[in-house]
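Shown next, in structure tokens, is the structure this report addresses.
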Amino acid sequence: MKLFDYIALVITVSFTVIVFIGSFSVKSSFLEVYIESENKTWIYPLKSFNEQSISGPSGNTVFVIENGFVYIQESDCSEKTCIKSGKIWKQGQWLACLPNRVFIGIRGNEESELDGEAY
Amino acid sequence: MVKPINKKIELTAFLGGLSLFLSAVEYLFPKPVPFMRIGFANLPILFSLRLLPVPYILLLVLLKITGQALISGTLTSYVFLFSAAGSFSSAVVMISLRKIPFRFISLIGISIMGALAGNIAQILLSVKFIFSESAWLIAPYFLLIGIISSFLIGLFAQKFTEKSKWIKSLENRI
């Protein structure tokens, strides 16, 4: 084994590792954030960047979508449990501000996307 | 008077035939996933790098992909285009590397880089045309198998080239 052989091996293995790590972000591009308030619904891709204020009976709830995470930044409720719940990032996880009637969930999975849903 | 056949053409044809045989040998091995080929048929191409001029090497690559396609029955399918793109990308990289002195690189490194180039080309094509982004999910495993098999095939090619009297005689005659 000569010098460039080792270099070739290192290049190839690092490239494979990079692709492996990169493939995780592919999974999140198929997930969507589903937000429901008292009278409106929103859907955003998990991969997007968003900051939005939703008004409800108790006031405003501000949620943020960034870097594949969703969390509630501010809320006018008294308990603030929704903020304390922290971040969500996986399918099935959810956040809710009950006084303000706001529900945020992550849904969608790779199989349904591959089958080609049309809206 | 019968003109002797050009030695280069002879060797190219022989290696092409060897490639066809090795494509058939690949079928002995179980394939859990369709696209993961071991690449025995690349062995003659590795030999040809230091034995034949560039146009003959490319001709050999053409023979190799045609042989593989005939054996696996994919000659008239889109898979053939993938195979062609992968094999020619691989050949271009290996041809560029072949002039590096033996002190620095052996057939192992050339084989690994060639396999990487070919696999990347195939992944990019499959992302663009067949599977979209989800092809990246299988890409790391595809590349990993490629590294292991290209290393082993390169190792064999290198050892064989060092020890073989037959190869030595070819190097002198051509």
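Residue names in the structure tokens use chain letters A, B, ... in the order shown, residue numbers from 1 in each chain, and ligand numbers from 1 in the order shown.
For region 11-21 of chain A, the non-local neighbours within 9 Å, defined as residues at least 2 positions apart in the same chain or in other chains and counting only C-alpha atoms, are Tyr6, Ile7, Ala8, Leu9, Ser23, Phe24 and Ser25 of chain A; Ile112, Met113, Leu116, Trp136, Leu137, Ile138, Ala139, Pro140, Tyr141, Leu143, Leu144 and Ile147 of chain B.
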Using N, CA and C atoms, can you write the selected residues to a file as a PDB file, in the first residue's frame?
ATOM      1  N   TYR A   6      -3.477   5.304   0.636  1.00  0.00           N
ATOM      2  CA  TYR A   6      -4.070   5.717   1.912  1.00  0.00           C
ATOM      3  C   TYR A   6      -4.905   6.983   1.723  1.00  0.00           C
ATOM      4  N   ILE A   7      -4.364   7.909   0.924  1.00  0.00           N
ATOM      5  CA  ILE A   7      -5.105   9.152   0.667  1.00  0.00           C
ATOM      6  C   ILE A   7      -6.440   8.829   0.008  1.00  0.00           C
ATOM      7  N   ALA A   8      -6.395   7.933  -0.991  1.00  0.00           N
ATOM      8  CA  ALA A   8      -7.624   7.562  -1.695  1.00  0.00           C
ATOM      9  C   ALA A   8      -8.621   6.951  -0.722  1.00  0.00           C
ATOM     10  N   LEU A   9      -8.110   6.095   0.172  1.00  0.00           N
ATOM     11  CA  LEU A   9      -8.986   5.452   1.152  1.00  0.00           C
ATOM     12  C   LEU A   9      -9.615   6.489   2.077  1.00  0.00           C
ATOM     13  N   SER A  23     -27.622  12.322   4.885  1.00  0.00           N
ATOM     14  CA  SER A  23     -28.881  11.647   4.577  1.00  0.00           C
ATOM     15  C   SER A  23     -29.910  11.841   5.678  1.00  0.00           C
ATOM     16  N   PHE A  24     -29.482  12.234   6.881  1.00  0.00           N
ATOM     17  CA  PHE A  24     -30.460  12.479   7.947  1.00  0.00           C
ATOM     18  C   PHE A  24     -31.321  13.698   7.656  1.00  0.00           C
ATOM     19  N   SER A  25     -30.721  14.693   6.984  1.00  0.00           N
ATOM     20  CA  SER A  25     -31.514  15.880   6.697  1.00  0.00           C
ATOM     21  C   SER A  25     -32.534  15.593   5.604  1.00  0.00           C
TER      22      SER A  25
ATOM     23  N   ILE B 112      -9.866   2.154  -5.910  1.00  0.00           N
ATOM     24  CA  ILE B 112     -10.771   2.803  -4.958  1.00  0.00           C
ATOM     25  C   ILE B 112     -11.327   4.114  -5.526  1.00  0.00           C
ATOM     26  N   MET B 113     -10.436   4.938  -6.091  1.00  0.00           N
ATOM     27  CA  MET B 113     -10.882   6.226  -6.628  1.00  0.00           C
ATOM     28  C   MET B 113     -11.788   6.017  -7.830  1.00  0.00           C
ATOM     29  N   LEU B 116     -15.140   5.048  -6.555  1.00  0.00           N
ATOM     30  CA  LEU B 116     -15.816   6.211  -5.967  1.00  0.00           C
ATOM     31  C   LEU B 116     -16.439   7.073  -7.061  1.00  0.00           C
ATOM     32  N   TRP B 136     -30.436   9.326  -1.607  1.00  0.00           N
ATOM     33  CA  TRP B 136     -29.329   9.605  -0.707  1.00  0.00           C
ATOM     34  C   TRP B 136     -29.358   8.729   0.531  1.00  0.00           C
ATOM     35  N   LEU B 137     -30.552   8.196   0.871  1.00  0.00           N
ATOM     36  CA  LEU B 137     -30.636   7.374   2.074  1.00  0.00           C
ATOM     37  C   LEU B 137     -29.881   6.073   1.925  1.00  0.00           C
ATOM     38  N   ILE B 138     -29.863   5.539   0.677  1.00  0.00           N
ATOM     39  CA  ILE B 138     -29.173   4.271   0.471  1.00  0.00           C
ATOM     40  C   ILE B 138     -27.740   4.500   0.024  1.00  0.00           C
ATOM     41  N   ALA B 139     -27.426   5.736  -0.359  1.00  0.00           N
ATOM     42  CA  ALA B 139     -26.094   6.048  -0.904  1.00  0.00           C
ATOM     43  C   ALA B 139     -24.928   5.617  -0.013  1.00  0.00           C
ATOM     44  N   PRO B 140     -24.954   5.881   1.306  1.00  0.00           N
ATOM     45  CA  PRO B 140     -23.789   5.510   2.127  1.00  0.00           C
ATOM     46  C   PRO B 140     -23.481   4.012   2.064  1.00  0.00           C
ATOM     47  N   TYR B 141     -24.512   3.159   2.064  1.00  0.00           N
ATOM     48  CA  TYR B 141     -24.273   1.714   2.056  1.00  0.00           C
ATOM     49  C   TYR B 141     -23.714   1.281   0.709  1.00  0.00           C
ATOM     50  N   LEU B 143     -21.924   3.162  -1.249  1.00  0.00           N
ATOM     51  CA  LEU B 143     -20.532   3.599  -1.293  1.00  0.00           C
ATOM     52  C   LEU B 143     -19.643   2.691  -0.451  1.00  0.00           C
ATOM     53  N   LEU B 144     -20.177   2.248   0.688  1.00  0.00           N
ATOM     54  CA  LEU B 144     -19.379   1.411   1.575  1.00  0.00           C
ATOM     55  C   LEU B 144     -19.040   0.078   0.920  1.00  0.00           C
ATOM     56  N   ILE B 147     -16.364   0.695  -1.551  1.00  0.00           N
ATOM     57  CA  ILE B 147     -15.011   0.835  -1.005  1.00  0.00           C
ATOM     58  C   ILE B 147     -14.401  -0.541  -0.753  1.00  0.00           C
TER      59      ILE B 147
END
Could you list, as an NGL selection string, every residue within 12 Å of Ser78 (chain A), counting only C-alpha atoms and ignoring same-chain residues fewer than 2 positions away? :A and (58-61 or 74-76 or 80-83 or 97-100)
Members of chain A assigned helix (DSSP H, G or I) by DSSP, as a PyMOL selection string: chain A and resi 3-28+81-84+110-114
What does the file look like for those residues with N, CA, C and O atoms, as a compact mmCIF listing (two decimals), in the first residue's frame?
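Produced file selection.txt, reproduced below:
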# COMPACT_ATOMS: atom_id res chain seq x y z
N LEU A 3 1.45 5.61 -0.52
CA LEU A 3 0.92 6.83 0.08
C LEU A 3 -0.45 7.22 -0.48
O LEU A 3 -1.40 7.42 0.25
N PHE A 4 -0.52 7.34 -1.81
CA PHE A 4 -1.77 7.79 -2.41
C PHE A 4 -2.89 6.78 -2.19
O PHE A 4 -4.06 7.14 -2.25
N ASP A 5 -2.54 5.54 -1.96
CA ASP A 5 -3.56 4.55 -1.66
C ASP A 5 -4.27 4.93 -0.38
O ASP A 5 -5.49 4.87 -0.29
N TYR A 6 -3.48 5.30 0.64
CA TYR A 6 -4.07 5.72 1.91
C TYR A 6 -4.90 6.98 1.72
O TYR A 6 -6.00 7.11 2.27
N ILE A 7 -4.36 7.91 0.92
CA ILE A 7 -5.11 9.15 0.67
C ILE A 7 -6.44 8.83 0.01
O ILE A 7 -7.49 9.37 0.38
N ALA A 8 -6.39 7.93 -0.99
CA ALA A 8 -7.62 7.56 -1.70
C ALA A 8 -8.62 6.95 -0.72
O ALA A 8 -9.81 7.27 -0.75
N LEU A 9 -8.11 6.10 0.17
CA LEU A 9 -8.99 5.45 1.15
C LEU A 9 -9.62 6.49 2.08
O LEU A 9 -10.82 6.46 2.35
N VAL A 10 -8.80 7.43 2.54
CA VAL A 10 -9.31 8.47 3.44
C VAL A 10 -10.37 9.32 2.75
O VAL A 10 -11.43 9.60 3.31
N ILE A 11 -10.07 9.73 1.50
CA ILE A 11 -11.04 10.55 0.76
C ILE A 11 -12.36 9.81 0.64
O ILE A 11 -13.44 10.36 0.90
N THR A 12 -12.28 8.54 0.24
CA THR A 12 -13.49 7.77 -0.02
C THR A 12 -14.29 7.56 1.26
O THR A 12 -15.51 7.73 1.26
N VAL A 13 -13.59 7.20 2.35
CA VAL A 13 -14.31 6.94 3.60
C VAL A 13 -14.94 8.22 4.13
O VAL A 13 -16.09 8.22 4.58
N SER A 14 -14.19 9.35 4.08
CA SER A 14 -14.78 10.60 4.57
C SER A 14 -15.99 10.99 3.75
O SER A 14 -17.00 11.46 4.28
N PHE A 15 -15.91 10.80 2.44
CA PHE A 15 -17.04 11.14 1.58
C PHE A 15 -18.25 10.31 1.99
O PHE A 15 -19.37 10.83 2.09
N THR A 16 -18.03 9.01 2.22
CA THR A 16 -19.14 8.15 2.61
C THR A 16 -19.75 8.61 3.92
O THR A 16 -20.98 8.66 4.08
N VAL A 17 -18.90 8.97 4.89
CA VAL A 17 -19.40 9.43 6.18
C VAL A 17 -20.22 10.71 6.02
O VAL A 17 -21.29 10.87 6.61
N ILE A 18 -19.72 11.63 5.18
CA ILE A 18 -20.43 12.89 4.96
C ILE A 18 -21.80 12.61 4.35
O ILE A 18 -22.82 13.18 4.77
N VAL A 19 -21.84 11.74 3.37
CA VAL A 19 -23.13 11.42 2.75
C VAL A 19 -24.06 10.78 3.77
O VAL A 19 -25.26 11.06 3.81
N PHE A 20 -23.49 9.94 4.64
CA PHE A 20 -24.30 9.27 5.66
C PHE A 20 -24.94 10.30 6.59
O PHE A 20 -26.13 10.22 6.89
N ILE A 21 -24.13 11.27 7.03
CA ILE A 21 -24.66 12.29 7.92
C ILE A 21 -25.68 13.15 7.19
O ILE A 21 -26.72 13.51 7.72
N GLY A 22 -25.35 13.47 5.93
CA GLY A 22 -26.25 14.31 5.14
C GLY A 22 -27.60 13.65 4.91
O GLY A 22 -28.61 14.33 4.76
N SER A 23 -27.62 12.32 4.89
CA SER A 23 -28.88 11.65 4.58
C SER A 23 -29.91 11.84 5.68
O SER A 23 -31.09 11.63 5.46
N PHE A 24 -29.48 12.23 6.88
CA PHE A 24 -30.46 12.48 7.95
C PHE A 24 -31.32 13.70 7.66
O PHE A 24 -32.48 13.75 8.03
N SER A 25 -30.72 14.69 6.98
CA SER A 25 -31.51 15.88 6.70
C SER A 25 -32.53 15.59 5.60
O SER A 25 -33.52 16.29 5.48
N VAL A 26 -32.27 14.54 4.83
CA VAL A 26 -33.23 14.17 3.79
C VAL A 26 -34.52 13.72 4.44
O VAL A 26 -35.61 14.03 4.00
N LYS A 27 -34.38 12.97 5.56
CA LYS A 27 -35.57 12.47 6.23
C LYS A 27 -36.44 13.63 6.70
O LYS A 27 -37.64 13.60 6.60
N SER A 28 -35.83 14.68 7.24
CA SER A 28 -36.66 15.75 7.77
C SER A 28 -37.32 16.56 6.67
O SER A 28 -38.26 17.29 6.92
N THR A 81 -46.63 26.17 30.01
CA THR A 81 -46.14 24.79 29.88
C THR A 81 -45.73 24.49 28.45
O THR A 81 -44.86 23.66 28.20
N CYS A 82 -46.39 25.19 27.52
CA CYS A 82 -46.05 24.94 26.12
C CYS A 82 -44.61 25.33 25.83
O CYS A 82 -43.88 24.65 25.12
N ILE A 83 -44.16 26.44 26.42
CA ILE A 83 -42.77 26.86 26.21
C ILE A 83 -41.83 25.91 26.91
O ILE A 83 -40.78 25.54 26.40
N LYS A 84 -42.22 25.47 28.10
CA LYS A 84 -41.36 24.58 28.85
C LYS A 84 -41.24 23.20 28.21
O LYS A 84 -40.30 22.46 28.47
N GLU A 110 -41.71 8.99 5.23
CA GLU A 110 -41.08 8.84 3.92
C GLU A 110 -41.92 8.00 2.99
O GLU A 110 -41.98 8.24 1.80
N GLU A 111 -42.56 6.94 3.51
CA GLU A 111 -43.29 6.05 2.61
C GLU A 111 -44.38 6.79 1.86
O GLU A 111 -44.53 6.65 0.66
N SER A 112 -45.17 7.62 2.58
CA SER A 112 -46.26 8.27 1.87
C SER A 112 -45.73 9.26 0.85
O SER A 112 -46.29 9.43 -0.21
N GLU A 113 -44.57 9.87 1.13
CA GLU A 113 -44.03 10.83 0.18
C GLU A 113 -43.57 10.11 -1.08
O GLU A 113 -43.78 10.56 -2.20
N LEU A 114 -42.93 8.95 -0.91
CA LEU A 114 -42.41 8.23 -2.07
C LEU A 114 -43.55 7.76 -2.97
O LEU A 114 -43.40 7.65 -4.17
As a VMD selection string, please: the residues near region 42-44 of chain B (cut-off 9 Å, only C-alpha atoms, same-chain neighbours under 2 positions excluded). chain B and resid 15 to 16 18 to 19 22 39 to 40 46 to 49 60 to 61 64 87 111 150 153 to 154 156 to 157
